[in-house]
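Visitor: I'd like to ask you about the structure that follows.
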Amino acid sequence: MTIPSDPLARQAQAFSQGAALGKYYLQNLSDRDVAAAPTSRSALDLELPNTGHSADVVLNLMHDAGAPATVATAAGRYFGYVIGGALPAASGARALLSAWDQCANADTGPSVMQMEQTAVRWIVDLLDLPPQTEGAFTTGATMANMTLLATARDTLLTRMGHPRGKGLLGAPNLRVIASAEIHATVLKSLRLIGLGSDHIERVPTDDQGRMRADLLPALDSSCIVLAQAGNVCSGAFDPIGDIANLCQVAGAWLHVDGAFGLWARATPDMAAALAGLDKADSWVVDAHKTLNAPYDSGLALCRHPDEMRASMAIGAAYLPPVDPSPADLIPEFSRAARGAETWAALLSLGRDGLTEMIMGFHRKATRLADALRTEGFTVPHDVHFNQVFVALPATPQHCAKITAEVQASGEAWFGTASWKGQDGFRLSVSNWATSDADIDRLVRAIVTARQKVIQAEAAT
């Protein structure tokens with residue numbers, strides 16, 4: 001291979017090679033096992049050489065040893081962890097943005113900043129949030145939750161006479177009230193901002209996993225209430241409007257973790273399940289999960305942007321005083337223009353395409369649940385969105401074995417789960433590439449795995 005002498009020509013050549021290898025990977029992904037090959041990645045664990053390798057050698061090694069050891073999450077037969085895939089325009093945008101190498105602020109990346117700001121505006125409109133709502137992109141839902149919970153903490157403490165600059169030393173006590181089934185990343189965020197997770201006032205849920213608004217404790221202005229849009233097992237939405245009404249009367253802060261489920265608000269057929277969402281104070285949504293933008297696209301949204309800036313904004317002598325930057329709203333300072341990929345995803349879909357994709361997830365999840373019930377499995381909840389929890393109450397020990405069998409077969413990938421005292425497995429339909437044929441193939445793989453498990457048990 002001839003290596004150009006010009007630095008940017010060398011970079012362009014490597015960029016082209018990486019794109020070609022990525023193209024080959026995607027074109028062959030649907031036909032391979034979903035599970036990662038167990039052997040090839042050992043070739044990546046090598047000693048750092050004294051003399052570096054050329055870019056083509058490095059990329060070929062990544063392709064030869066790394067590609068087989070990936071889990072085929074980008075293909076249509078991955079049903080684990082609600083992580084979605086990447087839409088073509090969004091995936092292409094990531095490649096283009098890599099070449100641009102822009103830092104997301106007005107001085108170093110004006111065009112990508114415009115894309116991010118436009119994407120936020122579109123999402124605020126799609127979710128029908130208050131017009132004053134602002135937000136910024138983070139690495140994921142965990143960091144978005146942390147950003148907004150820190151803002152909630154600071155705002156309530158300031159209202160109680162304890163300004164932000166004093167930190168938590170000598171601060172009044174805050175109460176945290178949360179659904180008994182709130183996601184673990186929200187609990188982690190609470191620990192990271194110093195509020196802890198040991199003293200949360202837990203609110204029971206109903207048989208669908210929705211927080212019982214009628215069982216909320218008495219609220220006051222020291223309370224942060226944590227609701228969720230999308231239970232990770234059942235997909236159900238908390239009654240956010242009812243919760244919000246109680247919070248507004250008491251002066252409490254209502255935060256909604258809607259990493260994957262908040263997107264249902266953008267569809268006319270499902271918006272009613274999230275009535276009253278606009279009354280909350282802050283919201284988290286992840287563009288990677290349901291929208292199928294690439295990773296690192298969590299979004300922190302707040303109806304009190306001035307409070308968000310008071311908690312997050314920084315300054316430096318070398319920065320213009322009015323230089324707009326995501327660092328005004330989130331913890332990170334310099335970072336990639338991850339919101340531009342969400343802009344590309346939304347622009348490629350349009351309103352109709354977004355609705356079609358989201359409702360397609362719901363339709364396929366319903367199809368999946370119905371098929372498994374027909375085969376004798378139990379789905380102990382309504383299909384609210386894209387999540388299906390599956391159990392075998394008479395033989396719960398079979399669920400983990402079935403999961404392992406399917407993973408080993410390469411036909412599909414999903415994980416075990418426990419919900420409301422039952423052991424089972426959880427199936428998430430969140431990839432734009434998943435087809436009805438993939439759903440049927442998944443059902444066959446699960447039924448076949450159960451037969452093998454029963455036969456192996458009978459043979460012992």
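How things are named: the first chain in the structure tokens is A, the next is B, and so on; residues count from 1 in each chain; ligands count from 1 in the order shown.
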Would you list, as a PyMOL selection string, the residues of region 381-426 of chain A that end up in helix (DSSP H, G or I) under DSSP run on this structure's backbone?
Guide: chain A and resi 397-409
Visitor: From the DSSP assignment of the backbone, select every residue of region 84-331 of chain A that is strand (DSSP E or B), and format the answer as a PyMOL selection string.
Guide: chain A and resi 103+134-138+175-179+201-203+205+211+223-229+237+253-257+282-286+298-302
Visitor: Would you save the residues from that selection as an mmCIF file, in the first residue's frame, using C-alpha atoms?
Guide:
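Below you can see again_23.cif, which holds the result:
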data_model
loop_
_atom_site.group_PDB
_atom_site.id
_atom_site.type_symbol
_atom_site.label_atom_id
_atom_site.label_comp_id
_atom_site.auth_asym_id
_atom_site.auth_seq_id
_atom_site.Cartn_x
_atom_site.Cartn_y
_atom_site.Cartn_z
ATOM 1 C CA CYS A 103 -15.540 20.105 19.713
ATOM 2 C CA GLU A 134 -33.645 23.467 27.338
ATOM 3 C CA GLY A 135 -31.211 20.590 27.402
ATOM 4 C CA ALA A 136 -27.896 19.118 26.341
ATOM 5 C CA PHE A 137 -26.484 15.766 25.316
ATOM 6 C CA THR A 138 -24.493 13.588 27.699
ATOM 7 C CA ARG A 175 -36.206 13.750 50.911
ATOM 8 C CA VAL A 176 -36.045 11.441 47.889
ATOM 9 C CA ILE A 177 -39.252 9.624 46.953
ATOM 10 C CA ALA A 178 -39.076 7.032 44.198
ATOM 11 C CA SER A 179 -40.917 4.177 42.587
ATOM 12 C CA GLU A 201 -38.852 6.592 50.476
ATOM 13 C CA ARG A 202 -40.026 3.787 48.193
ATOM 14 C CA VAL A 203 -43.507 3.889 46.709
ATOM 15 C CA THR A 205 -46.061 -0.317 42.320
ATOM 16 C CA MET A 211 -45.810 3.703 40.790
ATOM 17 C CA CYS A 223 -38.787 16.475 48.153
ATOM 18 C CA ILE A 224 -37.313 15.151 44.924
ATOM 19 C CA VAL A 225 -39.789 12.698 43.404
ATOM 20 C CA LEU A 226 -38.449 10.165 40.900
ATOM 21 C CA ALA A 227 -40.866 8.699 38.361
ATOM 22 C CA GLN A 228 -40.169 6.655 35.269
ATOM 23 C CA ALA A 229 -41.528 6.410 31.749
ATOM 24 C CA PHE A 237 -45.397 4.190 32.465
ATOM 25 C CA TRP A 253 -39.333 18.617 42.200
ATOM 26 C CA LEU A 254 -40.536 15.883 39.833
ATOM 27 C CA HIS A 255 -37.880 14.144 37.755
ATOM 28 C CA VAL A 256 -38.804 11.601 35.056
ATOM 29 C CA ASP A 257 -36.365 8.937 33.926
ATOM 30 C CA SER A 282 -36.873 17.527 34.397
ATOM 31 C CA TRP A 283 -36.701 14.606 32.010
ATOM 32 C CA VAL A 284 -34.090 12.147 30.761
ATOM 33 C CA VAL A 285 -34.275 10.472 27.372
ATOM 34 C CA ASP A 286 -31.655 8.469 25.493
ATOM 35 C CA GLY A 298 -28.274 10.735 26.513
ATOM 36 C CA LEU A 299 -30.253 13.955 26.801
ATOM 37 C CA ALA A 300 -30.884 15.990 29.960
ATOM 38 C CA LEU A 301 -33.945 18.242 29.613
ATOM 39 C CA CYS A 302 -35.104 20.813 32.167
#
Visitor: Would you give me, as a Markdown table, each residue of region 287-350 of chain A having an atom within 12 Å of an atom of region 431-445 of chain A, along with its shortest atom pair and that distance in Å to one decimal, using only C-alpha atoms and sorting by chain and residue number?
Guide:
| residue | atom | partner | partner_atom | distance |
| --- | --- | --- | --- | --- |
| A:His288 | CA | A:Asn431 | CA | 9.8 |
| A:Lys289 | CA | A:Asn431 | CA | 8.1 |
| A:Thr290 | CA | A:Asn431 | CA | 7.4 |
| A:Leu291 | CA | A:Trp432 | CA | 8.5 |
| A:Asn292 | CA | A:Asn431 | CA | 6.8 |
| A:Ala293 | CA | A:Trp432 | CA | 10.4 |
| A:Pro294 | CA | A:Asn431 | CA | 11.6 |
| A:Ala345 | CA | A:Trp432 | CA | 11.4 |
| A:Leu349 | CA | A:Trp432 | CA | 11.2 |
Visitor: Would you kindly return, as a PDB file with C-alpha atoms, in the first residue's frame, each protein, DNA or RNA residue with an atom no farther than 7 Å from any atom of Pro68 (chain A), considering only C-alpha atoms and excluding same-chain residues fewer than 5 positions away?
Guide:
ATOM      1  CA  ALA A  36     -19.442 -13.040  20.160  1.00  0.00           C
ATOM      2  CA  ALA A  37     -16.860 -15.583  19.038  1.00  0.00           C
ATOM      3  CA  SER A  40     -10.239 -14.194  18.397  1.00  0.00           C
TER       4      SER A  40
END
Visitor: Just checking: using only C-alpha atoms, which residue out of A:Gln422, A:Gln132, A:Ser428, A:Thr355 ends up closest to Asn386 (chain A)?
Guide: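 Checking each candidate against Asn386 (chain A), we get A:Ser428 as the closest.
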Visitor: For CA of Ala344 (chain A) and CA of Ala89 (chain A), quote the distance in Å rounded to one decimal.
Guide: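 Taking CA of Ala344 (chain A) and CA of Ala89 (chain A), their separation equals 5.8 Å.
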Visitor: Leaving out region 391-402 of chain A and any residue of its chain fewer than 2 positions from it, which residues lie within 8 Å of it when counting only C-alpha atoms, given as an mmCIF file with N, CA and C atoms, in the first residue's frame?
Guide:
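Output (around_39.cif):
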data_model
loop_
_atom_site.group_PDB
_atom_site.id
_atom_site.type_symbol
_atom_site.label_atom_id
_atom_site.label_comp_id
_atom_site.auth_asym_id
_atom_site.auth_seq_id
_atom_site.Cartn_x
_atom_site.Cartn_y
_atom_site.Cartn_z
ATOM 1 N N PHE A 377 -45.729 -20.081 27.515
ATOM 2 C CA PHE A 377 -44.987 -19.207 28.425
ATOM 3 C C PHE A 377 -45.944 -18.192 29.041
ATOM 4 N N THR A 378 -45.533 -17.610 30.143
ATOM 5 C CA THR A 378 -46.326 -16.593 30.821
ATOM 6 C C THR A 378 -45.692 -15.227 30.617
ATOM 7 N N VAL A 379 -46.494 -14.268 30.189
ATOM 8 C CA VAL A 379 -46.088 -12.855 30.144
ATOM 9 C C VAL A 379 -47.009 -12.137 31.127
ATOM 10 N N PRO A 380 -46.539 -11.868 32.350
ATOM 11 C CA PRO A 380 -47.436 -11.419 33.423
ATOM 12 C C PRO A 380 -47.719 -9.918 33.429
ATOM 13 N N PHE A 389 -41.507 -9.314 29.517
ATOM 14 C CA PHE A 389 -40.921 -10.174 30.545
ATOM 15 C C PHE A 389 -41.604 -11.533 30.456
ATOM 16 N N ALA A 404 -29.494 -19.285 28.345
ATOM 17 C CA ALA A 404 -28.140 -19.709 28.003
ATOM 18 C C ALA A 404 -28.120 -20.524 26.714
ATOM 19 N N GLU A 405 -29.124 -21.359 26.540
ATOM 20 C CA GLU A 405 -29.204 -22.203 25.340
ATOM 21 C C GLU A 405 -29.368 -21.342 24.084
ATOM 22 N N VAL A 406 -30.232 -20.343 24.155
ATOM 23 C CA VAL A 406 -30.443 -19.474 22.995
ATOM 24 C C VAL A 406 -29.186 -18.667 22.697
ATOM 25 N N THR A 416 -31.372 -12.861 31.303
ATOM 26 C CA THR A 416 -32.290 -13.236 32.380
ATOM 27 C C THR A 416 -32.719 -11.997 33.148
ATOM 28 N N GLN A 422 -40.552 -13.166 40.470
ATOM 29 C CA GLN A 422 -40.481 -14.246 39.487
ATOM 30 C C GLN A 422 -39.152 -14.196 38.741
ATOM 31 N N ASP A 423 -38.549 -15.349 38.533
ATOM 32 C CA ASP A 423 -37.377 -15.454 37.681
ATOM 33 C C ASP A 423 -37.835 -15.712 36.247
ATOM 34 N N GLY A 424 -37.194 -15.037 35.315
ATOM 35 C CA GLY A 424 -37.569 -15.213 33.924
ATOM 36 C C GLY A 424 -36.510 -14.642 33.011
ATOM 37 N N PHE A 425 -36.920 -14.210 31.854
ATOM 38 C CA PHE A 425 -36.010 -13.503 30.959
ATOM 39 C C PHE A 425 -36.755 -12.328 30.334
ATOM 40 N N ILE A 446 -36.501 -19.887 21.172
ATOM 41 C CA ILE A 446 -36.885 -20.058 22.578
ATOM 42 C C ILE A 446 -37.595 -21.393 22.778
ATOM 43 N N ALA A 449 -35.093 -24.192 22.507
ATOM 44 C CA ALA A 449 -34.250 -24.229 23.703
ATOM 45 C C ALA A 449 -34.993 -24.872 24.870
ATOM 46 N N ARG A 450 -36.279 -24.560 25.017
ATOM 47 C CA ARG A 450 -37.048 -25.169 26.109
ATOM 48 C C ARG A 450 -37.120 -26.685 25.937
ATOM 49 N N VAL A 453 -33.860 -28.169 27.037
ATOM 50 C CA VAL A 453 -33.720 -28.112 28.490
ATOM 51 C C VAL A 453 -34.548 -29.229 29.128
#
Visitor: What does the distance from CA of Glu307 (chain A) to CA of Asp220 (chain A) come to in Å, to one decimal?
Guide: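 Straight-line distance from CA of Glu307 (chain A) to CA of Asp220 (chain A) works out to 19.4 Å.
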Visitor: Excluding Asn231 (chain A) and any residue of its chain fewer than 2 positions from it, enumerate the residues within 12 Å of it, using only C-alpha atoms, and give them as a PDB file with C-alpha atoms, in the first residue's frame.
Guide:
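File written: result_33.pdb
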ATOM      1  CA  VAL A  82     -32.953  -1.897  25.376  1.00  0.00           C
ATOM      2  CA  SER A 179     -40.917   4.177  42.587  1.00  0.00           C
ATOM      3  CA  ALA A 180     -40.022   0.863  44.166  1.00  0.00           C
ATOM      4  CA  GLU A 181     -38.935  -0.177  40.662  1.00  0.00           C
ATOM      5  CA  ILE A 182     -36.883   2.898  39.738  1.00  0.00           C
ATOM      6  CA  HIS A 183     -33.934   2.076  37.495  1.00  0.00           C
ATOM      7  CA  ALA A 184     -30.546   1.334  39.056  1.00  0.00           C
ATOM      8  CA  THR A 205     -46.061  -0.317  42.320  1.00  0.00           C
ATOM      9  CA  ASP A 206     -49.135  -1.958  40.831  1.00  0.00           C
ATOM     10  CA  ASP A 207     -49.218  -5.283  39.002  1.00  0.00           C
ATOM     11  CA  GLN A 208     -47.852  -3.611  35.862  1.00  0.00           C
ATOM     12  CA  GLY A 209     -44.892  -1.978  37.601  1.00  0.00           C
ATOM     13  CA  ARG A 210     -46.379   1.531  37.738  1.00  0.00           C
ATOM     14  CA  MET A 211     -45.810   3.703  40.790  1.00  0.00           C
ATOM     15  CA  ALA A 227     -40.866   8.699  38.361  1.00  0.00           C
ATOM     16  CA  GLN A 228     -40.169   6.655  35.269  1.00  0.00           C
ATOM     17  CA  ALA A 229     -41.528   6.410  31.749  1.00  0.00           C
ATOM     18  CA  CYS A 233     -39.354  -5.281  32.565  1.00  0.00           C
ATOM     19  CA  SER A 234     -42.949  -4.417  31.679  1.00  0.00           C
ATOM     20  CA  GLY A 235     -42.457  -1.177  29.757  1.00  0.00           C
ATOM     21  CA  ALA A 236     -45.250   0.452  31.809  1.00  0.00           C
ATOM     22  CA  PHE A 237     -45.397   4.190  32.465  1.00  0.00           C
ATOM     23  CA  ASP A 238     -45.897   5.709  35.909  1.00  0.00           C
ATOM     24  CA  PRO A 239     -49.041   7.925  36.199  1.00  0.00           C
ATOM     25  CA  VAL A 256     -38.804  11.601  35.056  1.00  0.00           C
ATOM     26  CA  ASP A 257     -36.365   8.937  33.926  1.00  0.00           C
ATOM     27  CA  GLY A 258     -37.587   8.059  30.446  1.00  0.00           C
ATOM     28  CA  ALA A 259     -34.438   6.705  28.842  1.00  0.00           C
ATOM     29  CA  PHE A 260     -36.284   4.502  26.355  1.00  0.00           C
ATOM     30  CA  GLY A 261     -39.949   5.026  27.171  1.00  0.00           C
ATOM     31  CA  LEU A 262     -40.220   8.787  26.823  1.00  0.00           C
ATOM     32  CA  HIS A 381     -48.121  -7.895  32.180  1.00  0.00           C
ATOM     33  CA  ASP A 382     -49.793  -6.001  29.374  1.00  0.00           C
ATOM     34  CA  VAL A 383     -47.508  -4.962  26.529  1.00  0.00           C
ATOM     35  CA  HIS A 384     -47.264  -1.245  27.190  1.00  0.00           C
ATOM     36  CA  PHE A 385     -44.444  -0.446  24.805  1.00  0.00           C
ATOM     37  CA  ASN A 386     -41.473  -2.560  23.688  1.00  0.00           C
ATOM     38  CA  GLN A 387     -40.651  -4.716  26.728  1.00  0.00           C
ATOM     39  CA  VAL A 388     -41.674  -8.332  27.302  1.00  0.00           C
ATOM     40  CA  PHE A 389     -40.921 -10.174  30.545  1.00  0.00           C
ATOM     41  CA  TRP A 419     -39.540  -9.146  38.321  1.00  0.00           C
ATOM     42  CA  ARG A 426     -36.539 -10.116  29.389  1.00  0.00           C
ATOM     43  CA  SER A 428     -36.512  -5.749  24.391  1.00  0.00           C
TER      44      SER A 428
END
Visitor: Give me the residues near region 108-111 of chain A as a list in words, where near means some atom within 9 Å (using only C-alpha atoms) and where sequence neighbours in that chain fewer than 6 positions away do not count.
Guide: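 My list of contacting residues is Asp101, Gln102 and Ala337 of chain A.
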Visitor: Between A:Lys364, A:Lys279, A:Arg94, A:Arg338, single out the one closest to Gln114 (chain A), counting only C-alpha atoms.
Guide: A:Arg338
Visitor: When you draw a straight line from CA of Ala275 (chain A) to CA of Gly241 (chain A), how long is it in Å?
Guide: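 Atom-to-atom, CA of Ala275 (chain A) and CA of Gly241 (chain A) are spaced 5.7 Å apart.
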Visitor: Considering only C-alpha atoms, state which residue in the set A:Phe15, A:Trp343, A:Phe333, A:Tyr295 is at the smallest distance from Ala119 (chain A).
Guide: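 The answer is A:Trp343, which sits nearest to Ala119 (chain A).
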